[in-house]
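Q: My file is target.csv. It has CSV, C-alpha atoms:
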```
chain,number,residue,atom,x,y,z
H,1,MET,CA,149.1,199.1,113.2
H,2,ARG,CA,145.4,198.6,113.9
H,3,LEU,CA,144.6,198.2,110.2
H,4,SER,CA,147.5,195.7,109.9
H,5,ALA,CA,146.2,193.7,112.8
H,6,LEU,CA,142.7,193.6,111.3
H,7,ALA,CA,144.1,192.6,108.0
H,8,ALA,CA,146.1,189.8,109.7
H,9,LEU,CA,143.0,188.6,111.5
H,10,ALA,CA,141.0,188.6,108.3
H,11,LEU,CA,143.7,186.6,106.5
H,12,ALA,CA,143.9,184.1,109.3
H,13,ALA,CA,140.1,183.7,109.2
H,14,CYS,CA,140.2,183.2,105.4
H,15,LEU,CA,143.0,180.6,105.7
H,16,SER,CA,141.1,178.8,108.4
H,17,GLN,CA,138.0,178.6,106.3
H,18,THR,CA,140.0,177.3,103.3
H,19,ALA,CA,141.6,174.6,105.5
H,20,GLN,CA,138.2,173.6,106.8
H,21,ALA,CA,136.9,173.3,103.2
H,22,GLN,CA,139.9,171.2,102.2
H,23,ASP,CA,139.3,168.9,105.1
H,24,THR,CA,135.6,168.2,104.1
H,25,ALA,CA,136.3,165.8,101.3
H,26,PRO,CA,138.8,163.6,103.2
H,27,ALA,CA,136.4,163.4,106.1
H,28,ALA,CA,133.6,162.3,103.8
H,29,ALA,CA,135.9,159.8,102.2
H,30,ARG,CA,137.0,158.4,105.6
H,31,GLN,CA,133.3,157.7,106.4
H,32,LYS,CA,132.8,156.0,103.1
H,33,VAL,CA,135.8,153.6,103.4
H,34,ALA,CA,134.6,152.5,106.8
H,35,MET,CA,133.1,149.4,105.0
H,36,CYS,CA,136.5,148.7,103.4
H,37,ILE,CA,138.9,148.8,106.4
H,38,GLY,CA,137.6,145.5,107.8
H,39,CYS,CA,139.4,143.6,105.1
H,40,HIS,CA,141.8,146.1,103.3
H,41,GLY,CA,142.9,147.7,106.6
H,42,ILE,CA,144.2,144.6,108.2
H,43,THR,CA,147.7,143.4,107.4
H,44,GLY,CA,147.7,139.9,106.0
H,45,TYR,CA,143.9,139.5,106.2
H,46,GLN,CA,142.8,136.5,104.2
H,47,ALA,CA,139.6,136.0,102.3
H,48,SER,CA,138.0,132.6,102.3
H,49,PHE,CA,135.2,132.9,99.7
H,50,PRO,CA,134.8,132.3,96.9
H,51,GLU,CA,138.6,131.5,96.8
H,52,VAL,CA,141.2,131.6,99.6
H,53,HIS,CA,143.8,134.4,99.2
H,54,LYS,CA,145.1,137.5,101.0
H,55,VAL,CA,142.9,140.5,100.2
H,56,PRO,CA,144.8,142.9,97.9
H,57,LYS,CA,146.9,145.8,99.0
H,58,ILE,CA,145.1,148.9,97.7
H,59,SER,CA,146.7,151.8,99.5
H,60,GLY,CA,148.9,153.5,97.0
H,61,GLN,CA,147.1,152.1,94.0
H,62,ASN,CA,146.0,154.4,91.1
H,63,ALA,CA,142.7,156.0,91.9
H,64,LYS,CA,141.5,155.6,88.3
H,65,TYR,CA,142.1,151.9,88.4
H,66,ILE,CA,140.3,151.5,91.8
H,67,ALA,CA,137.4,153.4,90.4
H,68,ALA,CA,137.3,151.2,87.3
H,69,ALA,CA,137.5,148.0,89.5
H,70,LEU,CA,134.6,149.1,91.8
H,71,THR,CA,132.5,150.1,88.8
H,72,ALA,CA,133.1,146.7,87.2
H,73,TYR,CA,132.1,144.9,90.5
H,74,ARG,CA,128.9,147.1,90.6
H,75,LYS,CA,128.1,146.1,87.0
H,76,GLY,CA,128.9,142.5,87.5
H,77,GLU,CA,131.8,142.5,85.0
H,78,ARG,CA,133.9,141.4,87.9
H,79,LYS,CA,132.3,138.5,89.8
H,80,HIS,CA,132.9,138.4,93.5
H,81,PRO,CA,129.8,138.2,95.8
H,82,THR,CA,131.2,140.3,98.6
H,83,MET,CA,132.6,143.0,96.4
H,84,LYS,CA,129.5,143.1,94.3
H,85,GLY,CA,127.4,143.6,97.4
H,86,ILE,CA,129.5,146.5,98.5
H,87,ALA,CA,129.8,148.2,95.1
H,88,ALA,CA,126.1,147.9,94.4
H,89,ASN,CA,125.4,150.4,97.1
H,90,LEU,CA,128.0,153.0,95.9
H,91,SER,CA,127.2,156.0,93.9
H,92,ASP,CA,129.6,157.3,91.2
H,93,GLN,CA,130.7,160.0,93.7
H,94,ASP,CA,131.2,157.4,96.4
H,95,ILE,CA,133.5,155.5,94.1
H,96,THR,CA,135.5,158.6,93.2
H,97,ASP,CA,136.0,159.5,96.8
H,98,ILE,CA,137.0,156.0,97.9
H,99,ALA,CA,139.4,155.7,95.0
H,100,ALA,CA,141.0,159.1,95.8
H,101,PHE,CA,141.3,158.1,99.5
H,102,TYR,CA,143.2,154.9,98.8
H,103,GLU,CA,145.5,156.4,96.2
H,104,ALA,CA,146.7,158.9,98.8
H,105,ASN,CA,146.5,156.6,101.8
H,106,GLY,CA,149.9,156.0,103.4
H,107,ARG,CA,151.8,158.6,101.4
H,108,GLU,CA,152.9,160.1,104.6
H,109,LEU,CA,154.6,156.9,105.8
H,110,ALA,CA,158.3,156.5,105.4
H,111,PRO,CA,159.1,154.5,102.3
H,112,ALA,CA,160.3,150.9,102.8
H,113,ALA,CA,164.0,150.3,102.5
H,114,PRO,CA,164.9,149.5,98.9
H,115,ALA,CA,164.8,145.8,98.3
H,116,THR,CA,167.5,144.0,96.5
H,117,VAL,CA,165.6,142.1,93.9
H,118,ALA,CA,167.1,139.0,92.2
H,119,PRO,CA,166.7,139.1,88.4
H,120,PRO,CA,164.0,136.8,87.1
H,121,SER,CA,164.9,133.3,86.3
H,122,PRO,CA,165.2,132.4,82.6
H,123,GLU,CA,161.8,130.7,82.8
H,124,VAL,CA,160.1,133.7,84.4
H,125,GLN,CA,161.8,136.1,82.0
H,126,ALA,CA,160.5,134.1,79.1
H,127,LEU,CA,157.0,134.4,80.6
H,128,LEU,CA,157.3,138.1,81.1
H,129,THR,CA,158.5,138.5,77.5
H,130,LYS,CA,155.7,136.3,76.2
H,131,GLY,CA,153.0,138.4,78.0
H,132,ASN,CA,154.8,141.7,77.4
H,133,CYS,CA,153.6,142.7,80.8
H,134,ALA,CA,155.7,145.8,81.1
H,135,ALA,CA,154.0,147.3,78.0
H,136,CYS,CA,151.1,148.2,80.2
H,137,HIS,CA,152.2,147.9,83.8
H,138,GLY,CA,155.5,149.7,83.2
H,139,GLU,CA,158.9,149.7,84.7
H,140,GLY,CA,159.2,147.2,87.6
H,141,MET,CA,155.4,146.5,87.3
H,142,ASN,CA,155.0,149.7,89.3
H,143,LYS,CA,154.7,152.5,86.7
H,144,PRO,CA,151.7,151.7,84.5
H,145,ILE,CA,151.5,153.6,81.2
H,146,ASP,CA,148.0,154.8,82.1
H,147,ALA,CA,146.4,155.3,85.5
H,148,SER,CA,143.6,153.0,84.5
H,149,TYR,CA,146.1,150.1,84.7
H,150,PRO,CA,147.1,148.8,88.1
H,151,LYS,CA,150.4,148.8,89.9
H,152,LEU,CA,151.3,145.2,90.5
H,153,ALA,CA,154.7,145.2,92.2
H,154,GLY,CA,154.6,143.9,95.7
H,155,GLN,CA,151.0,142.7,95.6
H,156,HIS,CA,150.2,139.5,97.4
H,157,ALA,CA,151.3,136.5,95.2
H,158,ASP,CA,148.2,134.5,96.0
H,159,TYR,CA,145.9,137.3,95.1
H,160,LEU,CA,147.7,138.0,91.9
H,161,TYR,CA,147.4,134.3,91.0
H,162,VAL,CA,143.6,134.2,91.7
H,163,ALA,CA,143.1,137.5,89.8
H,164,LEU,CA,144.9,136.3,86.7
H,165,LYS,CA,143.2,132.9,86.8
H,166,SER,CA,139.8,134.6,87.1
H,167,TYR,CA,140.3,136.1,83.6
H,168,GLN,CA,140.4,132.5,82.3
H,169,THR,CA,137.2,131.6,84.1
H,170,GLU,CA,133.9,131.5,82.2
H,171,ARG,CA,130.3,130.6,83.1
H,172,ASN,CA,130.9,130.8,86.8
H,173,ALA,CA,128.4,132.8,88.8
H,174,GLN,CA,130.9,133.7,91.5
H,175,ILE,CA,134.3,134.0,89.8
H,176,GLY,CA,135.4,135.7,86.7
H,177,ARG,CA,136.5,139.0,85.2
H,178,GLY,CA,135.2,140.5,82.0
H,179,ASN,CA,138.2,142.2,80.4
H,180,ALA,CA,138.9,141.1,76.9
H,181,ILE,CA,142.6,142.3,76.9
H,182,MET,CA,143.5,140.6,80.1
H,183,ALA,CA,141.4,137.5,79.2
H,184,ASN,CA,143.5,137.1,76.0
H,185,GLN,CA,146.7,137.6,78.0
H,186,ALA,CA,145.8,135.1,80.8
H,187,ARG,CA,144.8,132.4,78.4
H,188,MET,CA,148.4,132.3,77.1
H,189,PHE,CA,149.5,130.7,80.3
H,190,THR,CA,149.0,127.6,82.3
H,191,HIS,CA,148.0,127.8,86.0
H,192,ALA,CA,151.6,126.8,86.9
H,193,GLU,CA,153.0,129.6,84.8
H,194,LEU,CA,150.6,132.1,86.3
H,195,LYS,CA,151.8,131.1,89.8
H,196,LEU,CA,155.4,131.7,88.7
H,197,LEU,CA,154.6,135.1,87.3
H,198,SER,CA,152.6,136.0,90.4
H,199,GLY,CA,155.4,135.0,92.7
H,200,TYR,CA,158.0,137.1,90.9
H,201,VAL,CA,155.8,140.2,90.6
H,202,ALA,CA,155.0,139.9,94.3
H,203,SER,CA,158.8,140.0,95.1
H,204,LEU,CA,159.3,143.4,93.4
H,205,PRO,CA,159.4,146.6,95.4
H,206,GLY,CA,156.5,149.0,94.8
H,207,ASP,CA,154.0,151.5,96.1
H,208,LEU,CA,151.3,149.2,97.2
H,209,LYS,CA,150.8,148.7,101.0
H,210,THR,CA,148.2,147.8,103.6
H,211,VAL,CA,147.7,150.7,106.0
H,212,PRO,CA,146.0,149.6,109.3
H,213,GLN,CA,143.0,151.9,109.9
H,214,PRO,CA,141.2,152.6,113.1
H,215,ARG,CA,137.4,152.2,113.1
H,216,PHE,CA,136.0,155.5,112.0
H,217,ARG,CA,133.4,157.1,114.3
```
Translate the structure described by the file into structure tokens.
A:
Amino acid sequence: MRLSALAALALAACLSQTAQAQDTAPAAARQKVAMCIGCHGITGYQASFPEVHKVPKISGQNAKYIAAALTAYRKGERKHPTMKGIAANLSDQDITDIAAFYEANGRELAPAAPATVAPPSPEVQALLTKGNCAACHGEGMNKPIDASYPKLAGQHADYLYVALKSYQTERNAQIGRGNAIMANQARMFTHAELKLLSGYVASLPGDLKTVPQPRFR
């Protein structure tokens, strides 16, 4: 009995140490995202520079895509003064940790009630077909064929519009995205058509959400 008790204590100690080790990475990530929650942790928060739009929902987004986006801001391939200033101070490990945090953030929350989505209008369907959007972003714009592509369903319409329009923008020091594939896609549409697409995609149910966060201490 004594040996069994000792073995149980040893097992408990081992499990405790394992749990503490597993908690280390999330704790480190929570500290690193402290600079993010002031915008991405506030429901409906609106950016005002360089363009006005709601900041994107990033909780539930693919970690690989978030990491690619942050790296692009750091390199200047994505132009946005605030995001470039933040990304410039991030190491590769910081980016990996932040991306992993936001991919997992909010998973414990109860899923939203399934939405009844109206089928796209003939005009919107023609635009979706023209851009062949599902070929990369997947079923319902929520199941990308590769984790390096973003989930789009349910994202803020005004942000989607600004993002798509930025792929058309050239020779602007504060706005623009350097992605050849998306640039070719975006140039196929007028601004009015991009707004129609953005509005429809925003209406789709998806994994993206804004999870209000307390200030980390």
Q: What does the structure give for the distance between CA of Val211 in chain H and CA of Val117 in chain H, in Å to one decimal?
A: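 Straight-line distance from CA of Val211 in chain H to CA of Val117 in chain H works out to 23.3 Å.
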Q: Closest to Leu197 in chain H among H:Thr82, H:Gln61, H:Ser48, H:Gln125, using all atoms listed in the file?
A: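 Closest to Leu197 in chain H, using all atoms listed in the file: H:Gln125.
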Q: May I ask which of the residues H:Tyr200, H:Phe49, H:Tyr149, H:Tyr167 is the closest one to Arg187 in chain H, counting only C-alpha atoms?
A: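 Smallest separation from Arg187 in chain H among the options: H:Tyr167.
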Q: Kindly indicate which residue among H:Ala47, H:Val124, H:Leu194, H:Ala69 lies nearest to Ser148 in chain H, using only C-alpha atoms for the distances.
A: H:Ala69
Q: Mind listing whatever residues come within 6 Å of the point (143.1, 147.0, 108.0)? Use all atoms listed in the file, file coordinates, and give them as a list in words.
A: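 The residues that fall inside the cut-off are Ile37, Gly38, Cys39, His40, Gly41, Ile42, Thr43, Pro212 and Gln213 of chain H.
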Q: Only C-alpha atoms, please: the residues just picked out, written as a tab-separated table (two decimals), keeping the file's coordinate frame.
A:
```
chain	number	residue	atom	x	y	z
H	37	ILE	CA	138.90	148.80	106.40
H	38	GLY	CA	137.60	145.50	107.80
H	39	CYS	CA	139.40	143.60	105.10
H	40	HIS	CA	141.80	146.10	103.30
H	41	GLY	CA	142.90	147.70	106.60
H	42	ILE	CA	144.20	144.60	108.20
H	43	THR	CA	147.70	143.40	107.40
H	212	PRO	CA	146.00	149.60	109.30
H	213	GLN	CA	143.00	151.90	109.90
```
Q: Counting only C-alpha atoms, which residue out of H:His191, H:Lys209, H:Lys79, H:Lys151 sits closest to Ala63 in chain H?
A: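 Between H:His191, H:Lys209, H:Lys79, H:Lys151, the residue approaching Ala63 in chain H most closely is H:Lys151.
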